[in-house]
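**Student:** final-v6.cif is the file, holding mmCIF, N, CA and C atoms:
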```cif
data_data
#
loop_
_atom_site.label_atom_id
_atom_site.label_comp_id
_atom_site.auth_asym_id
_atom_site.auth_seq_id
_atom_site.Cartn_x
_atom_site.Cartn_y
_atom_site.Cartn_z
N MET A 1 59.19 11.45 32.60
CA MET A 1 58.54 12.22 33.64
C MET A 1 58.39 11.35 34.89
N ALA A 2 58.17 11.97 36.01
CA ALA A 2 57.93 11.25 37.25
C ALA A 2 56.44 10.93 37.37
N LEU A 3 56.13 9.85 38.11
CA LEU A 3 54.72 9.55 38.36
C LEU A 3 54.07 10.76 39.01
N GLY A 4 52.86 11.08 38.59
CA GLY A 4 52.12 12.22 39.12
C GLY A 4 52.30 13.49 38.30
N GLU A 5 53.33 13.54 37.49
CA GLU A 5 53.59 14.73 36.67
C GLU A 5 52.64 14.75 35.47
N ALA A 6 52.00 15.88 35.24
CA ALA A 6 51.05 16.00 34.13
C ALA A 6 51.79 16.42 32.87
N TRP A 7 51.46 15.74 31.76
CA TRP A 7 52.02 16.07 30.45
C TRP A 7 51.03 16.92 29.69
N GLN A 8 51.45 18.09 29.24
CA GLN A 8 50.63 18.98 28.42
C GLN A 8 50.76 18.53 26.97
N TRP A 9 49.66 18.26 26.31
CA TRP A 9 49.73 17.77 24.93
C TRP A 9 48.77 18.54 24.03
N THR A 10 49.06 18.45 22.73
CA THR A 10 48.18 18.96 21.69
C THR A 10 48.05 17.87 20.65
N SER A 11 46.86 17.64 20.17
CA SER A 11 46.59 16.59 19.21
C SER A 11 45.86 17.18 18.01
N THR A 12 46.15 16.63 16.83
CA THR A 12 45.47 17.05 15.61
C THR A 12 44.81 15.83 14.98
N THR A 13 43.50 15.91 14.72
CA THR A 13 42.79 14.79 14.10
C THR A 13 43.10 14.74 12.61
N SER A 14 42.67 13.67 11.95
CA SER A 14 42.89 13.54 10.51
C SER A 14 42.19 14.63 9.72
N SER A 15 41.12 15.22 10.30
CA SER A 15 40.41 16.30 9.63
C SER A 15 41.03 17.67 9.90
N GLY A 16 42.09 17.70 10.75
CA GLY A 16 42.77 18.95 11.05
C GLY A 16 42.30 19.64 12.32
N ALA A 17 41.27 19.10 13.00
CA ALA A 17 40.80 19.70 14.25
C ALA A 17 41.84 19.50 15.34
N LYS A 18 41.99 20.49 16.19
CA LYS A 18 42.99 20.44 17.26
C LYS A 18 42.32 20.33 18.63
N ALA A 19 43.01 19.65 19.52
CA ALA A 19 42.58 19.54 20.91
C ALA A 19 43.82 19.61 21.79
N SER A 20 43.64 20.03 23.02
CA SER A 20 44.76 20.04 23.96
C SER A 20 44.26 19.58 25.32
N GLY A 21 45.21 19.17 26.15
CA GLY A 21 44.84 18.69 27.48
C GLY A 21 46.06 18.23 28.25
N THR A 22 45.78 17.48 29.30
CA THR A 22 46.85 16.93 30.15
C THR A 22 46.59 15.46 30.39
N THR A 23 47.67 14.73 30.57
CA THR A 23 47.60 13.32 30.93
C THR A 23 48.62 13.07 32.02
N ALA A 24 48.26 12.25 33.00
CA ALA A 24 49.19 11.90 34.06
C ALA A 24 49.01 10.44 34.45
N VAL A 25 50.12 9.76 34.67
CA VAL A 25 50.11 8.46 35.33
C VAL A 25 50.39 8.80 36.79
N LEU A 26 49.38 8.65 37.62
CA LEU A 26 49.45 9.13 39.00
C LEU A 26 50.18 8.17 39.93
N ALA A 27 50.04 6.86 39.68
CA ALA A 27 50.64 5.88 40.59
C ALA A 27 50.78 4.54 39.89
N TYR A 28 51.66 3.73 40.43
CA TYR A 28 51.87 2.35 39.96
C TYR A 28 51.91 1.45 41.18
N LYS A 29 51.34 0.24 41.04
CA LYS A 29 51.49 -0.75 42.10
C LYS A 29 51.39 -2.14 41.50
N GLN A 30 51.93 -3.10 42.23
CA GLN A 30 51.87 -4.50 41.84
C GLN A 30 50.84 -5.19 42.72
N GLN A 31 50.06 -6.06 42.10
CA GLN A 31 49.05 -6.82 42.84
C GLN A 31 49.12 -8.27 42.39
N MET A 32 48.72 -9.18 43.23
CA MET A 32 48.61 -10.57 42.81
C MET A 32 47.30 -10.72 42.04
N PRO A 33 47.30 -11.59 41.02
CA PRO A 33 46.06 -11.81 40.26
C PRO A 33 45.07 -12.61 41.09
N PRO A 34 43.81 -12.63 40.67
CA PRO A 34 42.80 -13.39 41.40
C PRO A 34 43.12 -14.88 41.37
N ALA A 35 42.54 -15.62 42.30
CA ALA A 35 42.76 -17.07 42.41
C ALA A 35 42.19 -17.78 41.19
N PRO A 36 42.74 -18.90 40.75
CA PRO A 36 43.98 -19.48 41.29
C PRO A 36 45.18 -18.72 40.77
N ALA A 37 46.10 -18.38 41.64
CA ALA A 37 47.24 -17.53 41.28
C ALA A 37 48.50 -18.36 41.07
N SER A 38 49.27 -17.97 40.10
CA SER A 38 50.58 -18.56 39.86
C SER A 38 51.59 -17.77 40.69
N GLU A 39 52.61 -18.45 41.20
CA GLU A 39 53.64 -17.75 41.97
C GLU A 39 54.38 -16.71 41.14
N ASN A 40 54.40 -16.88 39.82
CA ASN A 40 55.18 -16.00 38.96
C ASN A 40 54.35 -14.91 38.28
N LEU A 41 53.05 -14.87 38.48
CA LEU A 41 52.21 -13.90 37.78
C LEU A 41 51.58 -12.92 38.75
N ARG A 42 51.31 -11.73 38.24
CA ARG A 42 50.62 -10.70 39.02
C ARG A 42 50.10 -9.64 38.07
N TYR A 43 49.35 -8.72 38.62
CA TYR A 43 48.90 -7.57 37.85
C TYR A 43 49.84 -6.39 38.10
N ASP A 44 50.13 -5.64 37.03
CA ASP A 44 50.72 -4.32 37.15
C ASP A 44 49.54 -3.37 37.03
N GLN A 45 49.45 -2.39 37.91
CA GLN A 45 48.31 -1.47 37.86
C GLN A 45 48.81 -0.03 37.85
N VAL A 46 48.27 0.75 36.91
CA VAL A 46 48.56 2.19 36.89
C VAL A 46 47.26 2.95 37.12
N ASN A 47 47.38 4.05 37.83
CA ASN A 47 46.25 4.95 38.07
C ASN A 47 46.50 6.16 37.17
N VAL A 48 45.55 6.45 36.28
CA VAL A 48 45.76 7.48 35.26
C VAL A 48 44.63 8.52 35.25
N ARG A 49 44.96 9.71 34.71
CA ARG A 49 43.95 10.76 34.53
C ARG A 49 44.25 11.48 33.22
N ILE A 50 43.23 11.64 32.39
CA ILE A 50 43.33 12.39 31.14
C ILE A 50 42.30 13.50 31.19
N CYS A 51 42.71 14.73 30.88
CA CYS A 51 41.80 15.87 30.87
C CYS A 51 41.89 16.59 29.53
N SER A 52 40.75 17.00 29.03
CA SER A 52 40.67 17.84 27.83
C SER A 52 40.58 19.27 28.31
N THR A 53 41.41 20.16 27.75
CA THR A 53 41.39 21.55 28.21
C THR A 53 40.87 22.53 27.16
N ALA A 54 41.05 22.21 25.87
CA ALA A 54 40.61 23.16 24.84
C ALA A 54 40.48 22.44 23.51
N GLY A 55 39.73 23.06 22.59
CA GLY A 55 39.62 22.54 21.24
C GLY A 55 38.47 21.57 21.06
N THR A 56 38.61 20.71 20.06
CA THR A 56 37.57 19.74 19.73
C THR A 56 37.49 18.66 20.81
N PRO A 57 36.33 18.05 21.04
CA PRO A 57 36.27 16.93 21.98
C PRO A 57 37.22 15.81 21.53
N ILE A 58 37.80 15.11 22.50
CA ILE A 58 38.73 14.02 22.20
C ILE A 58 38.14 12.69 22.66
N THR A 59 38.56 11.63 22.01
CA THR A 59 38.14 10.29 22.41
C THR A 59 39.35 9.59 23.00
N VAL A 60 39.19 9.05 24.20
CA VAL A 60 40.28 8.34 24.87
C VAL A 60 39.85 6.91 25.17
N GLU A 61 40.83 6.04 25.25
CA GLU A 61 40.57 4.64 25.54
C GLU A 61 41.78 4.06 26.26
N ARG A 62 41.56 2.99 27.01
CA ARG A 62 42.63 2.33 27.75
C ARG A 62 43.76 1.87 26.85
N ARG A 63 43.47 1.52 25.61
CA ARG A 63 44.49 0.96 24.73
C ARG A 63 45.62 1.94 24.43
N PHE A 64 45.44 3.23 24.74
CA PHE A 64 46.50 4.20 24.51
C PHE A 64 47.63 4.06 25.53
N PHE A 65 47.42 3.28 26.60
CA PHE A 65 48.44 3.10 27.64
C PHE A 65 49.15 1.76 27.47
N ALA A 66 50.45 1.73 27.74
CA ALA A 66 51.23 0.50 27.71
C ALA A 66 52.30 0.57 28.80
N LEU A 67 52.83 -0.59 29.16
CA LEU A 67 53.95 -0.66 30.09
C LEU A 67 55.14 -1.24 29.36
N ILE A 68 56.31 -0.64 29.59
CA ILE A 68 57.54 -1.13 28.99
C ILE A 68 58.27 -1.97 30.03
N GLN A 69 58.59 -3.20 29.67
CA GLN A 69 59.29 -4.11 30.56
C GLN A 69 60.80 -3.87 30.47
N PRO A 70 61.58 -4.38 31.42
CA PRO A 70 63.04 -4.21 31.36
C PRO A 70 63.65 -4.75 30.06
N SER A 71 63.03 -5.76 29.46
CA SER A 71 63.55 -6.32 28.22
C SER A 71 63.25 -5.42 27.02
N GLY A 72 62.45 -4.37 27.23
CA GLY A 72 62.09 -3.47 26.15
C GLY A 72 60.77 -3.81 25.50
N GLU A 73 60.18 -4.94 25.86
CA GLU A 73 58.90 -5.33 25.28
C GLU A 73 57.78 -4.46 25.82
N VAL A 74 56.79 -4.22 24.99
CA VAL A 74 55.61 -3.47 25.43
C VAL A 74 54.57 -4.46 25.91
N ASN A 75 54.11 -4.27 27.13
CA ASN A 75 53.09 -5.14 27.71
C ASN A 75 51.74 -4.50 27.47
N THR A 76 51.00 -5.00 26.50
CA THR A 76 49.69 -4.42 26.20
C THR A 76 48.56 -5.40 26.45
N MET A 77 48.83 -6.54 27.09
CA MET A 77 47.79 -7.53 27.36
C MET A 77 47.01 -7.08 28.59
N LYS A 78 45.92 -6.39 28.36
CA LYS A 78 45.14 -5.84 29.46
C LYS A 78 44.15 -6.88 29.98
N MET A 79 44.01 -6.92 31.27
CA MET A 79 43.09 -7.85 31.90
C MET A 79 41.88 -7.07 32.42
N ALA A 80 40.83 -7.80 32.75
CA ALA A 80 39.65 -7.15 33.34
C ALA A 80 40.03 -6.57 34.69
N ASP A 81 39.58 -5.37 34.96
CA ASP A 81 39.90 -4.74 36.24
C ASP A 81 39.19 -5.45 37.38
N PRO A 82 39.93 -5.73 38.46
CA PRO A 82 39.30 -6.37 39.61
C PRO A 82 38.19 -5.53 40.24
N ASP A 83 38.32 -4.21 40.15
CA ASP A 83 37.33 -3.33 40.78
C ASP A 83 36.74 -2.38 39.73
N PRO A 84 35.57 -2.72 39.17
CA PRO A 84 34.98 -1.87 38.14
C PRO A 84 34.66 -0.45 38.62
N GLN A 85 34.55 -0.25 39.92
CA GLN A 85 34.24 1.08 40.45
C GLN A 85 35.41 2.04 40.28
N THR A 86 36.65 1.52 40.24
CA THR A 86 37.82 2.40 40.12
C THR A 86 38.47 2.31 38.75
N ALA A 87 37.95 1.47 37.86
CA ALA A 87 38.60 1.23 36.57
C ALA A 87 38.46 2.41 35.61
N PHE A 88 39.52 2.63 34.82
CA PHE A 88 39.45 3.57 33.72
C PHE A 88 38.42 3.02 32.74
N PRO A 89 37.65 3.86 32.05
CA PRO A 89 36.60 3.34 31.16
C PRO A 89 37.11 2.29 30.18
N ASN A 90 36.36 1.19 30.06
CA ASN A 90 36.71 0.10 29.14
C ASN A 90 36.40 0.44 27.69
N LYS A 91 35.53 1.39 27.47
CA LYS A 91 35.13 1.73 26.10
C LYS A 91 35.61 3.14 25.77
N ASP A 92 35.55 3.47 24.49
CA ASP A 92 35.91 4.83 24.08
C ASP A 92 35.11 5.84 24.88
N THR A 93 35.78 6.87 25.37
CA THR A 93 35.13 7.91 26.15
C THR A 93 35.45 9.26 25.51
N THR A 94 34.44 10.04 25.21
CA THR A 94 34.64 11.35 24.60
C THR A 94 34.66 12.41 25.70
N LEU A 95 35.71 13.22 25.68
CA LEU A 95 35.87 14.29 26.66
C LEU A 95 35.77 15.64 25.97
N LYS A 96 34.88 16.48 26.45
CA LYS A 96 34.79 17.86 25.99
C LYS A 96 35.76 18.69 26.82
N PRO A 97 36.17 19.88 26.34
CA PRO A 97 37.04 20.72 27.15
C PRO A 97 36.46 20.92 28.55
N GLY A 98 37.32 20.74 29.54
CA GLY A 98 36.91 20.86 30.94
C GLY A 98 36.55 19.52 31.58
N GLN A 99 36.50 18.44 30.81
CA GLN A 99 36.16 17.13 31.34
C GLN A 99 37.41 16.26 31.47
N CYS A 100 37.38 15.31 32.44
CA CYS A 100 38.48 14.39 32.67
C CYS A 100 37.95 12.96 32.78
N ALA A 101 38.81 12.00 32.51
CA ALA A 101 38.54 10.59 32.77
C ALA A 101 39.70 10.09 33.62
N ALA A 102 39.39 9.31 34.65
CA ALA A 102 40.42 8.81 35.55
C ALA A 102 40.06 7.42 36.03
N GLY A 103 41.08 6.67 36.41
CA GLY A 103 40.84 5.35 36.97
C GLY A 103 42.08 4.48 36.87
N THR A 104 41.91 3.21 37.20
CA THR A 104 43.02 2.26 37.18
C THR A 104 42.96 1.40 35.92
N ILE A 105 44.14 0.99 35.46
CA ILE A 105 44.26 0.06 34.34
C ILE A 105 45.19 -1.05 34.79
N ASP A 106 44.73 -2.29 34.67
CA ASP A 106 45.55 -3.44 35.04
C ASP A 106 46.16 -4.09 33.81
N PHE A 107 47.41 -4.50 33.95
CA PHE A 107 48.14 -5.23 32.92
C PHE A 107 48.60 -6.54 33.54
N PHE A 108 48.59 -7.61 32.79
CA PHE A 108 49.07 -8.88 33.28
C PHE A 108 50.57 -8.89 33.15
N GLY A 109 51.28 -9.18 34.24
CA GLY A 109 52.73 -9.13 34.21
C GLY A 109 53.38 -10.32 34.88
N VAL A 110 54.70 -10.38 34.72
CA VAL A 110 55.50 -11.41 35.37
C VAL A 110 56.09 -10.81 36.64
N ARG A 111 55.89 -11.49 37.74
CA ARG A 111 56.24 -10.97 39.06
C ARG A 111 57.72 -10.58 39.17
N SER A 112 58.59 -11.31 38.50
CA SER A 112 60.02 -11.06 38.62
C SER A 112 60.52 -9.91 37.75
N LYS A 113 59.66 -9.35 36.90
CA LYS A 113 60.07 -8.27 36.00
C LYS A 113 59.19 -7.05 36.19
N ARG A 114 59.66 -6.12 36.96
CA ARG A 114 58.92 -4.88 37.18
C ARG A 114 59.06 -4.00 35.94
N PRO A 115 57.97 -3.41 35.45
CA PRO A 115 58.09 -2.51 34.30
C PRO A 115 58.92 -1.28 34.67
N VAL A 116 59.51 -0.66 33.66
CA VAL A 116 60.35 0.51 33.91
C VAL A 116 59.69 1.82 33.47
N LEU A 117 58.66 1.71 32.62
CA LEU A 117 58.07 2.91 32.05
C LEU A 117 56.60 2.67 31.73
N ALA A 118 55.76 3.66 32.04
CA ALA A 118 54.37 3.67 31.57
C ALA A 118 54.32 4.67 30.42
N VAL A 119 53.67 4.28 29.32
CA VAL A 119 53.66 5.10 28.11
C VAL A 119 52.23 5.41 27.70
N TRP A 120 52.00 6.64 27.27
CA TRP A 120 50.71 7.05 26.73
C TRP A 120 50.95 7.59 25.34
N GLY A 121 50.31 6.99 24.34
CA GLY A 121 50.50 7.41 22.96
C GLY A 121 49.18 7.51 22.23
N PRO A 122 48.44 8.60 22.37
CA PRO A 122 47.12 8.73 21.77
C PRO A 122 47.18 8.99 20.27
N ASP A 123 46.10 8.69 19.59
CA ASP A 123 45.97 9.02 18.17
C ASP A 123 46.09 10.53 18.00
N GLY A 124 46.85 10.96 17.01
CA GLY A 124 46.94 12.38 16.68
C GLY A 124 47.98 13.16 17.46
N ALA A 125 48.57 12.59 18.50
CA ALA A 125 49.60 13.31 19.25
C ALA A 125 50.93 13.15 18.51
N PRO A 126 51.80 14.16 18.52
CA PRO A 126 53.04 14.08 17.77
C PRO A 126 54.02 13.04 18.30
N LYS A 127 53.94 12.71 19.58
CA LYS A 127 54.83 11.71 20.18
C LYS A 127 54.19 11.17 21.45
N PRO A 128 54.62 9.99 21.90
CA PRO A 128 54.09 9.46 23.15
C PRO A 128 54.79 10.10 24.35
N ALA A 129 54.18 9.97 25.50
CA ALA A 129 54.77 10.44 26.76
C ALA A 129 55.10 9.23 27.61
N GLY A 130 56.12 9.37 28.47
CA GLY A 130 56.51 8.27 29.33
C GLY A 130 56.71 8.71 30.77
N TRP A 131 56.31 7.85 31.69
CA TRP A 131 56.48 8.08 33.12
C TRP A 131 57.33 6.96 33.68
N VAL A 132 58.41 7.32 34.39
CA VAL A 132 59.33 6.35 34.95
C VAL A 132 58.68 5.69 36.17
N ILE A 133 58.76 4.35 36.20
CA ILE A 133 58.24 3.59 37.34
C ILE A 133 59.42 3.32 38.28
N PRO A 134 59.34 3.80 39.51
CA PRO A 134 60.46 3.59 40.45
C PRO A 134 60.75 2.10 40.65
N GLN A 135 62.01 1.79 40.69
CA GLN A 135 62.45 0.43 40.89
C GLN A 135 62.77 0.24 42.35
#
```
What would the structure in this file look like if it were written as structure tokens?

**Tutor:**
Amino acid sequence: MALGEAWQWTSTTSSGAKASGTTAVLAYKQQMPPAPASENLRYDQVNVRICSTAGTPITVERRFFALIQPSGEVNTMKMADPDPQTAFPNKDTTLKPGQCAAGTIDFFGVRSKRPVLAVWGPDGAPKPAGWVIPQ
């Protein structure tokens, strides 16, 4: 999918309860890490939004997001967000139908390797979703 495109999903819990909603990776940007900074390191940042639309309340967390590097490796080493005011919740967040969670998630990356894909793979969903990061 393209950045900004919302993915419609349905999830089933281990108890059989169903939930549905939308998830979107709205934007991607590269930032330099806080001082002291290495010339080769930076943050990859994605701006995300998850909404519950129907069914049982769902629990979402930052760990459901990953970045795929050109080498195929999944970058899941999350760093503290530089701006807590805009950060996606650091802890599990329960969303009832009609509620959304949104914010930024920072990943520690290598400056010379731009990720190619942002992936969201929540518990209970039949498959993960991917958003292409423009090169």

**Student:** Just to confirm, what's the straight-line distance from CA of Pro89 (chain A) to atom N of Tyr28 (chain A) in Å (one decimal)?

**Tutor:** 17.7 Å

**Student:** Got a sec to resolve the PyMOL selection byres (((chain A and resi 9-14 and name CA) around 10) and name CA) on this structure and send the residues as a compact mmCIF listing (two decimals) with N, CA and C atoms, in the frame of the given file?

**Tutor:**
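Produced file result.txt, reproduced below:
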```
# COMPACT_ATOMS: atom_id res chain seq x y z
N ALA A 6 52.00 15.88 35.24
CA ALA A 6 51.05 16.00 34.13
C ALA A 6 51.79 16.42 32.87
N TRP A 7 51.46 15.74 31.76
CA TRP A 7 52.02 16.07 30.45
C TRP A 7 51.03 16.92 29.69
N GLN A 8 51.45 18.09 29.24
CA GLN A 8 50.63 18.98 28.42
C GLN A 8 50.76 18.53 26.97
N SER A 15 41.12 15.22 10.30
CA SER A 15 40.41 16.30 9.63
C SER A 15 41.03 17.67 9.90
N GLY A 16 42.09 17.70 10.75
CA GLY A 16 42.77 18.95 11.05
C GLY A 16 42.30 19.64 12.32
N ALA A 17 41.27 19.10 13.00
CA ALA A 17 40.80 19.70 14.25
C ALA A 17 41.84 19.50 15.34
N LYS A 18 41.99 20.49 16.19
CA LYS A 18 42.99 20.44 17.26
C LYS A 18 42.32 20.33 18.63
N ALA A 19 43.01 19.65 19.52
CA ALA A 19 42.58 19.54 20.91
C ALA A 19 43.82 19.61 21.79
N SER A 20 43.64 20.03 23.02
CA SER A 20 44.76 20.04 23.96
C SER A 20 44.26 19.58 25.32
N GLY A 21 45.21 19.17 26.15
CA GLY A 21 44.84 18.69 27.48
C GLY A 21 46.06 18.23 28.25
N THR A 22 45.78 17.48 29.30
CA THR A 22 46.85 16.93 30.15
C THR A 22 46.59 15.46 30.39
N THR A 23 47.67 14.73 30.57
CA THR A 23 47.60 13.32 30.93
C THR A 23 48.62 13.07 32.02
N SER A 52 40.75 17.00 29.03
CA SER A 52 40.67 17.84 27.83
C SER A 52 40.58 19.27 28.31
N THR A 53 41.41 20.16 27.75
CA THR A 53 41.39 21.55 28.21
C THR A 53 40.87 22.53 27.16
N ALA A 54 41.05 22.21 25.87
CA ALA A 54 40.61 23.16 24.84
C ALA A 54 40.48 22.44 23.51
N GLY A 55 39.73 23.06 22.59
CA GLY A 55 39.62 22.54 21.24
C GLY A 55 38.47 21.57 21.06
N THR A 56 38.61 20.71 20.06
CA THR A 56 37.57 19.74 19.73
C THR A 56 37.49 18.66 20.81
N ILE A 58 37.80 15.11 22.50
CA ILE A 58 38.73 14.02 22.20
C ILE A 58 38.14 12.69 22.66
N PRO A 122 48.44 8.60 22.37
CA PRO A 122 47.12 8.73 21.77
C PRO A 122 47.18 8.99 20.27
N ASP A 123 46.10 8.69 19.59
CA ASP A 123 45.97 9.02 18.17
C ASP A 123 46.09 10.53 18.00
N GLY A 124 46.85 10.96 17.01
CA GLY A 124 46.94 12.38 16.68
C GLY A 124 47.98 13.16 17.46
N ALA A 125 48.57 12.59 18.50
CA ALA A 125 49.60 13.31 19.25
C ALA A 125 50.93 13.15 18.51
N PRO A 126 51.80 14.16 18.52
CA PRO A 126 53.04 14.08 17.77
C PRO A 126 54.02 13.04 18.30
N LYS A 127 53.94 12.71 19.58
CA LYS A 127 54.83 11.71 20.18
C LYS A 127 54.19 11.17 21.45
N PRO A 128 54.62 9.99 21.90
CA PRO A 128 54.09 9.46 23.15
C PRO A 128 54.79 10.10 24.35
N ALA A 129 54.18 9.97 25.50
CA ALA A 129 54.77 10.44 26.76
C ALA A 129 55.10 9.23 27.61
```

**Student:** Can you list what the PyMOL selection byres (((chain A and resi 29 and name CA) around 10) and name CA) grabs from this structure, as JSON, numbers by chain?

**Tutor:** {"A": [27, 28, 30, 31, 43, 44, 45, 46, 47, 106, 114, 133]}

**Student:** In Å, with one decimal, what is the gap from CA of Gln85 (chain A) to CA of Ser112 (chain A)?

**Tutor:** 28.6 Å

**Student:** May I ask which of the residues A:Thr104, A:Pro115, A:Ala87, A:Pro134 is the closest one to Ile68 (chain A), counting only C-alpha atoms?

**Tutor:** A:Pro115

**Student:** So the first atom is atom N of Gly4 (chain A) and the second is CA of Ala66 (chain A); what is the distance between them in Å, to one decimal place?

**Tutor:**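 Value for the atom N of Gly4 (chain A)-CA of Ala66 (chain A) distance: 15.3 Å.
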
**Student:** Please return, as a list in words, all polymer residues that have at least one atom within 6 Å of the point (51.4, -10.3, 34.9); use only N, CA and C atoms and the file's own coordinate frame.

**Tutor:**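 Those residues lying close to the given coordinates are Leu41, Arg42, Tyr43, Asp44, Phe107, Phe108, Gly109, Val110 and Arg111 of chain A.
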
**Student:** Counting all atoms listed in the file, figure out which residue out of A:Gly103, A:Gly121, A:Gly130, A:Pro70 gets nearest to Met1 (chain A).

**Tutor:**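 Result for the nearest residue to Met1 (chain A): A:Gly130.
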